[in-house]
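Below: one structure, written as structure tokens.
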Amino acid sequence: MTSAPPPEAIEAALDAQRRRVRELGPWFHNLHLPSGLQTLPEHPLGGDFPRFKWLQIAPHLPEDLRGWRVLDVGCNAGFYSFELARRGAQVLALDVDPHYLDQARWAAGEMGLAGRIDFRCAQVYDLAGEAGDFDLVWFMGVFYHLRYPLLALDLLARRTRRLMMFQTLTLPGDAVDGAPDCGIDERARLCAPGWPRMAFIEERLAGDPTNWWAPNAAAVEAMLRSSGLQIRARPGHEMWLCTPRADAQAARAMWQPQHDSIVGEGRPSPAR
């Protein structure tokens with residue numbers, strides 16, 4: 001029977017882990033490490049971020065994701081990748097920032113999940129040249145940071161086999177009241193509350209120059225539908241769970257050749 005390590009050895013290991021957390025900072029995800037240590041317990045967004053979002057989403061997902069292939073776009077320090085890997089998924093986690101990938105790879109080792117997650121430095125547009133699809137696409141906290149957001153959504157929707165979890169910063173208001181057509185002399189309707197629209201941010205929002213867009217809820221839902229997705233649930237504020245539409249393949253055929261030939265990014269997506 002193996003004896004427990006002495007208290008001084010446990011404290012020394014915790015001290016080493018605390019030092020490593022400081023070395024890898026600053027953090028944006030508050031990760032709960034197996035030792036009980038947290039990476040950012042006092043989060044500027046308030047609460048235990050992003051755990052409080054996960055607790056809203058988790059009941060809408062299968063408990064058993066064994067055999068599922070998952071894509072986590074803009075994985076940051078890997079919080080969602082870890083939660084999905086714990087449910088049995090094999091995860092491809094992308095981010096453009098090596099700093100966050102260093103955090104994620106280290107944390108994956110601490111959590112014993114390194115074998116279930118492939119962390120890769122890449123942007124969403126790099127998928128244009130790659131084949132394959134995913135059972136679940138995790139697309140949270142990235143859309144509004146992208147210079148070409150609808151292109152990214154189209155690329156990801158095409159690769160979604162079962163589910164997409166989508167989240168974005170939005171304009172205030174939840175009214176959804178678009179129309180299938182509008183006369184050329186009736187454009188005042190485009191300014192009505194609930195018409196799908198997206199504000200463009202030329203300089204910065206909340207001091208962040210990578211915040212490019214703020215769609216309203218109507219625009220989010222219209223873009224999801226136009227990309228071949230069907231909204232199944234809204235787990236929380238600014239979050240949509242989607243499945244591919246049955247007729248999605250025909251809808252995508254109209255834009256696929258053009259979009260697949262365009263890649264590029266204006267600025268890297270920041271933390272989420």
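Ligands are numbered from 1 in the order shown, residues from 1 within each chain, and chains are lettered A, B, ... in the order they appear in the structure tokens.
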
Practice item. Tell me, as a ChimeraX atom specification, which residues lie within 8 Å of A:Trp138, counting only C-alpha atoms; anything in the same chain fewer than 4 positions away does not count. Key: /A:70-73,164-166

**Study point:** DSSP-assigned strand (DSSP E) members of stretch 24-186 of chain A, reported as number ranges by chain
**Key:** A: 69-73, 90-95, 117-121, 134-140, 160-167

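Close contacts of A:Gly132, defined as residues with an atom at most 10 Å away when counting only C-alpha atoms, with chain neighbours fewer than 4 positions off set aside, comprise A:Leu127, A:Arg158, A:Arg159, A:Thr160, A:Arg161.
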
Review point. For A:Ile117, which of A:Ala12, A:Ala77, A:Ala131, A:Ala93 is the closest residue, counting only C-alpha atoms?
Key: A:Ala93

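Nearest residue to A:Val21 among A:Ala107, A:Ile57, A:Ala128, A:Leu190 is A:Ala107, counting only C-alpha atoms.
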
Let's see if you can do this: from backbone DSSP, list all alpha helix (DSSP H) residues in stretch 97-266 of chain A, as a CSV table (one decimal) with N, CA and C atoms, in the first residue's frame.
```csv
chain,number,residue,atom,x,y,z
A,98,PRO,N,0.3,32.1,-29.4
A,98,PRO,CA,1.1,31.0,-28.8
A,98,PRO,C,1.1,31.1,-27.2
A,99,HIS,N,0.9,32.3,-26.7
A,99,HIS,CA,0.8,32.5,-25.2
A,99,HIS,C,-0.3,31.6,-24.6
A,100,TYR,N,-1.5,31.7,-25.2
A,100,TYR,CA,-2.6,30.9,-24.7
A,100,TYR,C,-2.4,29.4,-24.9
A,101,LEU,N,-1.8,29.1,-26.0
A,101,LEU,CA,-1.5,27.7,-26.3
A,101,LEU,C,-0.5,27.1,-25.3
A,102,ASP,N,0.5,27.9,-24.9
A,102,ASP,CA,1.4,27.4,-23.9
A,102,ASP,C,0.7,27.1,-22.6
A,103,GLN,N,-0.3,28.0,-22.2
A,103,GLN,CA,-1.1,27.8,-21.0
A,103,GLN,C,-1.9,26.5,-21.2
A,104,ALA,N,-2.5,26.4,-22.3
A,104,ALA,CA,-3.4,25.2,-22.5
A,104,ALA,C,-2.6,23.9,-22.5
A,105,ARG,N,-1.5,23.8,-23.1
A,105,ARG,CA,-0.7,22.6,-23.2
A,105,ARG,C,-0.2,22.2,-21.8
A,106,TRP,N,0.2,23.2,-21.0
A,106,TRP,CA,0.7,22.9,-19.7
A,106,TRP,C,-0.5,22.4,-18.8
A,107,ALA,N,-1.6,23.1,-18.9
A,107,ALA,CA,-2.8,22.7,-18.1
A,107,ALA,C,-3.3,21.4,-18.5
A,108,ALA,N,-3.3,21.0,-19.8
A,108,ALA,CA,-3.7,19.7,-20.2
A,108,ALA,C,-2.9,18.6,-19.5
A,109,GLY,N,-1.6,18.9,-19.4
A,109,GLY,CA,-0.7,17.9,-18.7
A,109,GLY,C,-1.0,17.8,-17.3
A,110,GLU,N,-1.3,18.9,-16.6
A,110,GLU,CA,-1.7,18.9,-15.2
A,110,GLU,C,-3.0,18.1,-15.0
A,111,MET,N,-3.9,18.2,-15.9
A,111,MET,CA,-5.2,17.6,-15.8
A,111,MET,C,-5.3,16.1,-16.3
A,149,PRO,N,-16.3,37.7,-40.6
A,149,PRO,CA,-17.0,36.7,-39.7
A,149,PRO,C,-17.9,35.7,-40.5
A,150,LEU,N,-18.7,36.2,-41.5
A,150,LEU,CA,-19.6,35.3,-42.1
A,150,LEU,C,-18.8,34.2,-42.9
A,151,LEU,N,-17.7,34.6,-43.5
A,151,LEU,CA,-16.9,33.6,-44.1
A,151,LEU,C,-16.5,32.5,-43.1
A,152,ALA,N,-16.1,32.9,-41.9
A,152,ALA,CA,-15.7,31.9,-40.9
A,152,ALA,C,-16.9,31.0,-40.6
A,153,LEU,N,-18.0,31.7,-40.4
A,153,LEU,CA,-19.2,30.9,-40.0
A,153,LEU,C,-19.6,29.9,-41.1
A,154,ASP,N,-19.5,30.3,-42.4
A,154,ASP,CA,-19.8,29.4,-43.5
A,154,ASP,C,-18.8,28.2,-43.5
A,155,LEU,N,-17.5,28.5,-43.3
A,155,LEU,CA,-16.5,27.4,-43.3
A,155,LEU,C,-16.8,26.4,-42.1
A,156,LEU,N,-17.2,26.9,-41.0
A,156,LEU,CA,-17.4,26.0,-39.9
A,156,LEU,C,-18.7,25.3,-40.0
A,157,ALA,N,-19.7,26.0,-40.5
A,157,ALA,CA,-21.0,25.3,-40.7
A,157,ALA,C,-20.9,24.1,-41.6
A,158,ARG,N,-20.1,24.3,-42.6
A,158,ARG,CA,-19.9,23.2,-43.6
A,158,ARG,C,-19.2,22.0,-43.0
A,217,ALA,N,-29.5,40.2,-32.2
A,217,ALA,CA,-29.9,38.8,-32.2
A,217,ALA,C,-30.6,38.4,-33.5
A,218,ALA,N,-31.3,39.3,-34.1
A,218,ALA,CA,-31.9,38.9,-35.4
A,218,ALA,C,-30.8,38.6,-36.5
A,219,ALA,N,-29.7,39.4,-36.5
A,219,ALA,CA,-28.7,39.1,-37.5
A,219,ALA,C,-28.0,37.8,-37.2
A,220,VAL,N,-27.7,37.5,-35.9
A,220,VAL,CA,-27.1,36.3,-35.5
A,220,VAL,C,-27.9,35.1,-36.1
A,221,GLU,N,-29.2,35.1,-35.8
A,221,GLU,CA,-30.1,34.0,-36.2
A,221,GLU,C,-30.2,33.9,-37.7
A,222,ALA,N,-30.2,35.1,-38.4
A,222,ALA,CA,-30.3,35.0,-39.8
A,222,ALA,C,-29.0,34.5,-40.4
A,223,MET,N,-27.9,34.9,-39.9
A,223,MET,CA,-26.6,34.4,-40.4
A,223,MET,C,-26.5,32.9,-40.2
A,224,LEU,N,-26.9,32.4,-39.0
A,224,LEU,CA,-26.8,31.0,-38.7
A,224,LEU,C,-27.7,30.2,-39.7
A,225,ARG,N,-28.9,30.7,-40.0
A,225,ARG,CA,-29.8,30.0,-40.9
A,225,ARG,C,-29.2,30.1,-42.3
A,226,SER,N,-28.6,31.2,-42.7
A,226,SER,CA,-28.1,31.3,-44.1
A,226,SER,C,-26.8,30.5,-44.3
A,248,ALA,N,-29.0,21.8,-45.9
A,248,ALA,CA,-27.8,22.6,-45.8
A,248,ALA,C,-26.9,22.4,-47.0
A,249,GLN,N,-26.7,21.2,-47.5
A,249,GLN,CA,-25.8,21.0,-48.6
A,249,GLN,C,-26.1,21.8,-49.8
A,250,ALA,N,-27.4,21.8,-50.2
A,250,ALA,CA,-27.8,22.6,-51.4
A,250,ALA,C,-27.6,24.1,-51.1
A,251,ALA,N,-27.9,24.6,-49.9
A,251,ALA,CA,-27.7,26.0,-49.7
A,251,ALA,C,-26.2,26.4,-49.7
A,252,ARG,N,-25.3,25.5,-49.2
A,252,ARG,CA,-23.9,25.8,-49.2
A,252,ARG,C,-23.3,25.8,-50.6
A,256,GLN,N,-19.9,28.0,-51.7
A,256,GLN,CA,-18.7,27.2,-51.3
A,256,GLN,C,-17.5,27.5,-52.3
A,257,PRO,N,-17.6,27.5,-53.6
A,257,PRO,CA,-16.4,27.7,-54.4
A,257,PRO,C,-15.8,29.0,-54.2
A,258,GLN,N,-16.6,30.1,-54.0
A,258,GLN,CA,-16.0,31.4,-53.8
A,258,GLN,C,-15.3,31.5,-52.4
A,259,HIS,N,-16.0,31.0,-51.4
A,259,HIS,CA,-15.5,31.2,-50.0
A,259,HIS,C,-14.3,30.3,-49.8
```

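Counting from atom CA of A:Asn76, the distance to atom CA of A:Pro26 is 11.6 Å.
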
Close residues, A:Phe200 itself excluded, 12 Å, only C-alpha atoms, min 4 positions apart in chain, as a CSV table (one decimal) with C-alpha atoms, in the first residue's frame:
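Result file is selection_28.csv:
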```csv
chain,number,residue,atom,x,y,z
A,144,TYR,CA,-17.0,39.4,-33.4
A,145,HIS,CA,-13.2,39.5,-33.4
A,146,LEU,CA,-13.0,38.3,-37.0
A,147,ARG,CA,-12.5,40.6,-39.9
A,148,TYR,CA,-14.5,38.3,-42.1
A,149,PRO,CA,-17.0,36.7,-39.7
A,170,THR,CA,-24.3,41.3,-29.6
A,171,LEU,CA,-26.2,44.6,-29.8
A,204,ARG,CA,-12.2,49.8,-30.7
A,205,LEU,CA,-14.9,48.7,-28.3
A,209,PRO,CA,-9.1,47.0,-31.2
A,210,THR,CA,-9.9,43.4,-32.2
A,211,ASN,CA,-13.6,43.9,-31.5
A,212,TRP,CA,-14.8,44.4,-35.1
A,213,TRP,CA,-18.6,43.6,-35.1
A,214,ALA,CA,-21.7,43.7,-32.9
A,215,PRO,CA,-24.7,42.0,-34.5
A,216,ASN,CA,-28.2,42.1,-33.1
```

Point to revise | Near-A:Lys53 list (10 Å; only C-alpha atoms; drop same-chain fewer than 6 positions) as an NGL selection string | key: :A and (47 or 80 or 235-237 or 239)

Mind writing the picked residues with all heavy atoms as a tab-separated table (two decimals), in the first residue's frame?
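again30.tsv was written with the following content:
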```tsv
chain	number	residue	atom	x	y	z
A	47	GLY	N	-17.50	36.69	-11.55
A	47	GLY	CA	-17.85	35.28	-11.48
A	47	GLY	C	-16.69	34.38	-11.83
A	47	GLY	O	-15.55	34.82	-12.01
A	80	TYR	N	-12.88	25.01	-22.35
A	80	TYR	CA	-13.94	24.22	-22.98
A	80	TYR	C	-13.38	22.92	-23.55
A	80	TYR	O	-14.04	21.87	-23.50
A	80	TYR	CB	-14.63	25.03	-24.08
A	80	TYR	CG	-15.37	26.24	-23.57
A	80	TYR	CD1	-14.96	27.52	-23.90
A	80	TYR	CD2	-16.49	26.10	-22.75
A	80	TYR	CE1	-15.64	28.63	-23.44
A	80	TYR	CE2	-17.18	27.21	-22.28
A	80	TYR	CZ	-16.75	28.48	-22.62
A	80	TYR	OH	-17.42	29.58	-22.15
A	235	PRO	N	-28.92	28.36	-24.78
A	235	PRO	CA	-28.57	27.98	-23.41
A	235	PRO	C	-28.41	29.16	-22.45
A	235	PRO	O	-28.55	28.99	-21.24
A	235	PRO	CB	-27.24	27.24	-23.57
A	235	PRO	CG	-27.23	26.78	-25.00
A	235	PRO	CD	-27.95	27.85	-25.76
A	236	GLY	N	-28.09	30.33	-22.99
A	236	GLY	CA	-27.89	31.50	-22.16
A	236	GLY	C	-27.78	32.74	-23.02
A	236	GLY	O	-27.94	32.68	-24.24
A	237	HIS	N	-27.49	33.86	-22.38
A	237	HIS	CA	-27.38	35.13	-23.09
A	237	HIS	C	-26.30	35.06	-24.16
A	237	HIS	O	-25.18	34.62	-23.89
A	237	HIS	CB	-27.05	36.24	-22.09
A	237	HIS	CG	-26.90	37.60	-22.68
A	237	HIS	ND1	-27.88	38.19	-23.46
A	237	HIS	CD2	-25.87	38.49	-22.64
A	237	HIS	CE1	-27.48	39.38	-23.85
A	237	HIS	NE2	-26.26	39.58	-23.37
A	239	MET	N	-25.91	33.08	-26.64
A	239	MET	CA	-25.45	31.74	-26.99
A	239	MET	C	-26.54	30.99	-27.76
A	239	MET	O	-27.72	31.06	-27.39
A	239	MET	CB	-25.07	30.95	-25.73
A	239	MET	CG	-23.86	31.53	-25.02
A	239	MET	SD	-23.27	30.49	-23.65
A	239	MET	CE	-24.53	30.77	-22.41
```

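The nearest approach to A:Ala58 among the residues A:Ala13, A:Leu84, A:Ile184, A:Ala122, with only C-alpha atoms taken into account, belongs to A:Leu84.
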
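Closest approach to A:Val176 from the set A:Val142, A:Leu45, A:Ala192, A:Leu241 is made by A:Ala192, with distances taken over only C-alpha atoms.
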
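A straight line drawn from atom CA of A:His43 to atom CA of A:His29 is 8.4 Å long.
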